[in-house]
Amino acid sequence: MSVSASTLRELHRIHRQLSDLRERKERGPKLIKAREANLARLADELAKLEAELKAARVRSDQKQLLLKTGEDKIEGLKVKLNQAASNREYQALKEQIAADQMAGSVLADEILEAMEKIDELAAHIAEQQKKIAAAKQEITKAEESVRAQAGELDQEIKRLEGELQAAEKDLPADFRETYQRLVRSKGEDAMAEAQGEFCGGCYQQLTPNNMAELHGSLAIFCRNCGRLLYSPEDRTPGAG
Ligand SMILES: [Zn+2]
């Protein structure tokens, strides 16, 4: 089967460009997906921080309530102290008040710590919200640029598909099916230029028989990778 090297070279060029364009087209949505995953991660972190803040506020409120209850109790004890009937009762009340005041002071320290923690969390949340806003902006920007590029890439792909169809007409009719099958399964790797005595795709050494066929512009396939090989030079079919 005689196939000109220039036809195969042209077809290979078109397939390479097409697969490059298709890859570039796929890259856009992938980029957007990666940015969306990033946003989802930031939102998750924010939700955790918000839950932490809520829990910290509940704990702080509980402690404040405890403190208030303790203070009320101390006030009550002080009233009793003034009305103490015996020295023993007076002493006991005094000790009780001192103990409760100590407990209250520990609680007050804990409340202060809890408030600091709340402030910290609130600051962290504000920062996280800024990151989320920026991530959303990035997605919008990426979507716009991908949309603009997709239009251009589609046009270019369409143009090349037209070129491909035209170039495929130069293939012998009885060879087209073999070629199509190869292209369907291997894409741009369906073909390779011979480099000296080697397959340009996998660098398998070609047999002398292969070389003779190649120079004769016969369709040959690498016995290792199965690529359709073509010569780097143009020869008239049958002249080799
Ligand atoms: Zn090969």
# chains A, B, ... in the order shown; residues from 1 in each chain; ligands from 1
call {"tool": "residues_near_ligand", "arguments": {"ligand": "ligand 1", "cutoff": "12 Å", "atoms": "only C-alpha atoms and all ligand atoms", "output": "PyMOL selection string"}}
result
chain A and resi 189-195+197-207+210+220-230
call {"tool": "write_last_selection", "arguments": {"atoms": "N, CA and C atoms", "output": "PDB file, in the first residue's frame"}}
result
ATOM      1  N   ASP A 189      -0.625   9.733  18.827  1.00  0.00           N
ATOM      2  CA  ASP A 189       0.410   8.693  18.880  1.00  0.00           C
ATOM      3  C   ASP A 189       0.184   7.595  17.840  1.00  0.00           C
ATOM      4  N   ALA A 190      -0.771   7.818  16.961  1.00  0.00           N
ATOM      5  CA  ALA A 190      -1.007   6.842  15.889  1.00  0.00           C
ATOM      6  C   ALA A 190       0.143   6.857  14.887  1.00  0.00           C
ATOM      7  N   MET A 191       0.888   7.950  14.852  1.00  0.00           N
ATOM      8  CA  MET A 191       1.935   8.103  13.834  1.00  0.00           C
ATOM      9  C   MET A 191       3.248   8.596  14.438  1.00  0.00           C
ATOM     10  N   ALA A 192       4.324   8.310  13.733  1.00  0.00           N
ATOM     11  CA  ALA A 192       5.623   8.840  14.146  1.00  0.00           C
ATOM     12  C   ALA A 192       6.521   8.954  12.923  1.00  0.00           C
ATOM     13  N   GLU A 193       7.388   9.944  12.971  1.00  0.00           N
ATOM     14  CA  GLU A 193       8.366  10.088  11.902  1.00  0.00           C
ATOM     15  C   GLU A 193       9.536   9.152  12.215  1.00  0.00           C
ATOM     16  N   ALA A 194      10.036   8.496  11.207  1.00  0.00           N
ATOM     17  CA  ALA A 194      11.215   7.664  11.420  1.00  0.00           C
ATOM     18  C   ALA A 194      12.415   8.574  11.646  1.00  0.00           C
ATOM     19  N   GLN A 195      13.244   8.223  12.642  1.00  0.00           N
ATOM     20  CA  GLN A 195      14.452   9.018  12.891  1.00  0.00           C
ATOM     21  C   GLN A 195      15.636   8.120  12.585  1.00  0.00           C
ATOM     22  N   GLU A 197      17.236   5.086  11.544  1.00  0.00           N
ATOM     23  CA  GLU A 197      16.733   3.707  11.480  1.00  0.00           C
ATOM     24  C   GLU A 197      15.816   3.390  12.655  1.00  0.00           C
ATOM     25  N   PHE A 198      15.325   4.430  13.297  1.00  0.00           N
ATOM     26  CA  PHE A 198      14.528   4.199  14.511  1.00  0.00           C
ATOM     27  C   PHE A 198      13.124   4.782  14.405  1.00  0.00           C
ATOM     28  N   CYS A 199      12.229   4.143  15.141  1.00  0.00           N
ATOM     29  CA  CYS A 199      10.874   4.682  15.267  1.00  0.00           C
ATOM     30  C   CYS A 199      10.970   5.958  16.100  1.00  0.00           C
ATOM     31  N   GLY A 200      10.404   7.049  15.617  1.00  0.00           N
ATOM     32  CA  GLY A 200      10.470   8.330  16.341  1.00  0.00           C
ATOM     33  C   GLY A 200       9.544   8.358  17.550  1.00  0.00           C
ATOM     34  N   GLY A 201       8.703   7.332  17.688  1.00  0.00           N
ATOM     35  CA  GLY A 201       7.783   7.296  18.833  1.00  0.00           C
ATOM     36  C   GLY A 201       8.373   6.541  20.000  1.00  0.00           C
ATOM     37  N   CYS A 202       8.960   5.361  19.731  1.00  0.00           N
ATOM     38  CA  CYS A 202       9.433   4.529  20.847  1.00  0.00           C
ATOM     39  C   CYS A 202      10.919   4.165  20.717  1.00  0.00           C
ATOM     40  N   TYR A 203      11.552   4.615  19.644  1.00  0.00           N
ATOM     41  CA  TYR A 203      12.993   4.392  19.427  1.00  0.00           C
ATOM     42  C   TYR A 203      13.376   2.930  19.238  1.00  0.00           C
ATOM     43  N   GLN A 204      12.420   2.137  18.837  1.00  0.00           N
ATOM     44  CA  GLN A 204      12.716   0.767  18.426  1.00  0.00           C
ATOM     45  C   GLN A 204      13.479   0.844  17.089  1.00  0.00           C
ATOM     46  N   GLN A 205      14.500  -0.007  16.969  1.00  0.00           N
ATOM     47  CA  GLN A 205      15.242  -0.016  15.697  1.00  0.00           C
ATOM     48  C   GLN A 205      14.390  -0.705  14.628  1.00  0.00           C
ATOM     49  N   LEU A 206      14.407  -0.100  13.467  1.00  0.00           N
ATOM     50  CA  LEU A 206      13.606  -0.660  12.369  1.00  0.00           C
ATOM     51  C   LEU A 206      14.425  -1.708  11.622  1.00  0.00           C
ATOM     52  N   THR A 207      13.729  -2.675  11.045  1.00  0.00           N
ATOM     53  CA  THR A 207      14.431  -3.735  10.306  1.00  0.00           C
ATOM     54  C   THR A 207      14.845  -3.206   8.934  1.00  0.00           C
ATOM     55  N   ASN A 210      11.907  -2.982   6.864  1.00  0.00           N
ATOM     56  CA  ASN A 210      11.116  -1.782   7.191  1.00  0.00           C
ATOM     57  C   ASN A 210      11.680  -0.573   6.448  1.00  0.00           C
ATOM     58  N   ILE A 220       4.165   1.452   6.712  1.00  0.00           N
ATOM     59  CA  ILE A 220       4.709   0.455   7.635  1.00  0.00           C
ATOM     60  C   ILE A 220       4.407   0.870   9.065  1.00  0.00           C
ATOM     61  N   PHE A 221       4.384  -0.134   9.936  1.00  0.00           N
ATOM     62  CA  PHE A 221       4.046   0.109  11.337  1.00  0.00           C
ATOM     63  C   PHE A 221       5.206  -0.360  12.208  1.00  0.00           C
ATOM     64  N   CYS A 222       5.483   0.387  13.252  1.00  0.00           N
ATOM     65  CA  CYS A 222       6.536  -0.022  14.181  1.00  0.00           C
ATOM     66  C   CYS A 222       6.100  -1.331  14.831  1.00  0.00           C
ATOM     67  N   ARG A 223       7.010  -2.324  14.841  1.00  0.00           N
ATOM     68  CA  ARG A 223       6.599  -3.622  15.393  1.00  0.00           C
ATOM     69  C   ARG A 223       6.557  -3.590  16.913  1.00  0.00           C
ATOM     70  N   ASN A 224       7.117  -2.521  17.501  1.00  0.00           N
ATOM     71  CA  ASN A 224       7.065  -2.409  18.958  1.00  0.00           C
ATOM     72  C   ASN A 224       5.836  -1.625  19.441  1.00  0.00           C
ATOM     73  N   CYS A 225       5.639  -0.401  18.915  1.00  0.00           N
ATOM     74  CA  CYS A 225       4.557   0.442  19.443  1.00  0.00           C
ATOM     75  C   CYS A 225       3.363   0.515  18.498  1.00  0.00           C
ATOM     76  N   GLY A 226       3.504   0.024  17.302  1.00  0.00           N
ATOM     77  CA  GLY A 226       2.373  -0.015  16.374  1.00  0.00           C
ATOM     78  C   GLY A 226       2.097   1.284  15.639  1.00  0.00           C
ATOM     79  N   ARG A 227       2.968   2.296  15.854  1.00  0.00           N
ATOM     80  CA  ARG A 227       2.738   3.566  15.159  1.00  0.00           C
ATOM     81  C   ARG A 227       2.944   3.416  13.649  1.00  0.00           C
ATOM     82  N   LEU A 228       2.156   4.171  12.920  1.00  0.00           N
ATOM     83  CA  LEU A 228       2.324   4.275  11.468  1.00  0.00           C
ATOM     84  C   LEU A 228       3.520   5.200  11.228  1.00  0.00           C
ATOM     85  N   LEU A 229       4.499   4.697  10.510  1.00  0.00           N
ATOM     86  CA  LEU A 229       5.738   5.464  10.353  1.00  0.00           C
ATOM     87  C   LEU A 229       5.797   6.157   8.997  1.00  0.00           C
ATOM     88  N   TYR A 230       6.451   7.301   8.993  1.00  0.00           N
ATOM     89  CA  TYR A 230       6.676   7.979   7.713  1.00  0.00           C
ATOM     90  C   TYR A 230       8.093   8.523   7.688  1.00  0.00           C
TER      91      TYR A 230
END
call {"tool": "atom_distance", "arguments": {"atom1": "atom CA of A:Val183", "atom2": "atom CA of A:His15"}}
result
8.6 Å
call {"tool": "atom_distance", "arguments": {"atom1": "atom CA of A:Leu11", "atom2": "atom CA of A:Gly187"}}
result
11.1 Å
call {"tool": "closest_residue", "arguments": {"among": "A:Ile157, A:Leu93, A:Leu49, A:Ala167", "to": "A:Lys80", "atoms": "only C-alpha atoms"}}
result
A:Leu93
call {"tool": "closest_atom_pairs", "arguments": {"of": "stretch 118-219 of chain A", "to": "stretch 16-21 of chain A", "cutoff": "8 Å", "atoms": "only C-alpha atoms", "output": "tab-separated table"}}
result
residue	atom	partner	partner_atom	distance
A:Leu153	CA	A:Leu21	CA	6.5
A:Glu156	CA	A:Leu21	CA	7.8
A:Ile157	CA	A:Leu18	CA	6.3
A:Leu160	CA	A:Leu18	CA	6.8
A:Glu161	CA	A:Leu18	CA	7.8
A:Gly187	CA	A:Ser19	CA	7.4
A:Glu188	CA	A:Arg16	CA	5.2
call {"tool": "decode", "arguments": {"residues": "stretch 8-43 of chain A", "atoms": "N, CA and C atoms", "output": "short mmCIF file (atom, residue, chain, number, x, y, z; two decimals), in the first residue's frame"}}
result
data_model
loop_
_atom_site.label_atom_id
_atom_site.label_comp_id
_atom_site.auth_asym_id
_atom_site.auth_seq_id
_atom_site.Cartn_x
_atom_site.Cartn_y
_atom_site.Cartn_z
N LEU A 8 1.25 11.74 5.26
CA LEU A 8 1.28 11.27 6.65
C LEU A 8 1.84 12.34 7.59
N ARG A 9 2.85 13.05 7.10
CA ARG A 9 3.45 14.09 7.94
C ARG A 9 2.42 15.19 8.24
N GLU A 10 1.69 15.54 7.18
CA GLU A 10 0.65 16.56 7.33
C GLU A 10 -0.45 16.08 8.31
N LEU A 11 -0.85 14.84 8.13
CA LEU A 11 -1.88 14.29 9.03
C LEU A 11 -1.39 14.27 10.48
N HIS A 12 -0.14 13.88 10.64
CA HIS A 12 0.42 13.82 11.99
C HIS A 12 0.45 15.21 12.63
N ARG A 13 0.87 16.20 11.83
CA ARG A 13 0.91 17.58 12.33
C ARG A 13 -0.49 18.00 12.79
N ILE A 14 -1.49 17.72 11.99
CA ILE A 14 -2.86 18.12 12.34
C ILE A 14 -3.33 17.40 13.61
N HIS A 15 -3.03 16.10 13.69
CA HIS A 15 -3.44 15.35 14.90
C HIS A 15 -2.76 15.89 16.15
N ARG A 16 -1.48 16.25 16.00
CA ARG A 16 -0.77 16.78 17.17
C ARG A 16 -1.39 18.10 17.61
N GLN A 17 -1.66 18.97 16.62
CA GLN A 17 -2.25 20.26 16.97
C GLN A 17 -3.63 20.09 17.58
N LEU A 18 -4.39 19.18 17.01
CA LEU A 18 -5.74 18.94 17.54
C LEU A 18 -5.69 18.44 18.98
N SER A 19 -4.79 17.50 19.24
CA SER A 19 -4.79 16.98 20.61
C SER A 19 -4.27 18.05 21.57
N ASP A 20 -3.36 18.89 21.10
CA ASP A 20 -2.90 20.00 21.95
C ASP A 20 -4.06 20.95 22.25
N LEU A 21 -4.84 21.29 21.23
CA LEU A 21 -5.97 22.21 21.43
C LEU A 21 -7.02 21.59 22.36
N ARG A 22 -7.25 20.29 22.16
CA ARG A 22 -8.27 19.64 23.01
C ARG A 22 -7.81 19.59 24.46
N GLU A 23 -6.51 19.34 24.64
CA GLU A 23 -5.97 19.35 26.01
C GLU A 23 -6.13 20.72 26.64
N ARG A 24 -5.82 21.75 25.83
CA ARG A 24 -5.94 23.11 26.36
C ARG A 24 -7.38 23.42 26.72
N LYS A 25 -8.30 22.87 25.94
CA LYS A 25 -9.71 23.10 26.22
C LYS A 25 -10.14 22.39 27.51
N GLU A 26 -9.58 21.22 27.74
CA GLU A 26 -9.93 20.49 28.97
C GLU A 26 -9.32 21.14 30.21
N ARG A 27 -8.19 21.81 30.00
CA ARG A 27 -7.50 22.41 31.13
C ARG A 27 -8.36 23.46 31.84
N GLY A 28 -9.13 24.22 31.07
CA GLY A 28 -9.96 25.28 31.63
C GLY A 28 -10.90 24.77 32.70
N PRO A 29 -11.79 23.83 32.35
CA PRO A 29 -12.71 23.31 33.37
C PRO A 29 -11.98 22.66 34.54
N LYS A 30 -10.81 22.05 34.27
CA LYS A 30 -10.04 21.44 35.37
C LYS A 30 -9.57 22.51 36.35
N LEU A 31 -9.11 23.64 35.78
CA LEU A 31 -8.64 24.75 36.61
C LEU A 31 -9.79 25.27 37.47
N ILE A 32 -10.96 25.41 36.87
CA ILE A 32 -12.12 25.90 37.62
C ILE A 32 -12.47 24.91 38.73
N LYS A 33 -12.43 23.63 38.41
CA LYS A 33 -12.75 22.61 39.42
C LYS A 33 -11.78 22.69 40.60
N ALA A 34 -10.49 22.88 40.29
CA ALA A 34 -9.49 22.97 41.36
C ALA A 34 -9.77 24.18 42.23
N ARG A 35 -10.17 25.30 41.58
CA ARG A 35 -10.46 26.50 42.38
C ARG A 35 -11.72 26.31 43.21
N GLU A 36 -12.68 25.58 42.66
CA GLU A 36 -13.91 25.33 43.42
C GLU A 36 -13.63 24.43 44.61
N ALA A 37 -12.72 23.46 44.41
CA ALA A 37 -12.35 22.58 45.52
C ALA A 37 -11.68 23.40 46.63
N ASN A 38 -10.85 24.35 46.22
CA ASN A 38 -10.18 25.23 47.17
C ASN A 38 -11.21 26.03 47.97
N LEU A 39 -12.21 26.56 47.26
CA LEU A 39 -13.26 27.34 47.92
C LEU A 39 -14.02 26.47 48.92
N ALA A 40 -14.32 25.24 48.51
CA ALA A 40 -15.07 24.33 49.39
C ALA A 40 -14.27 24.05 50.66
N ARG A 41 -12.94 23.88 50.48
CA ARG A 41 -12.08 23.63 51.64
C ARG A 41 -12.10 24.83 52.59
N LEU A 42 -12.00 26.05 52.03
CA LEU A 42 -12.03 27.26 52.85
C LEU A 42 -13.37 27.39 53.57
N ALA A 43 -14.46 27.04 52.88
CA ALA A 43 -15.79 27.13 53.49
C ALA A 43 -15.93 26.13 54.64
#
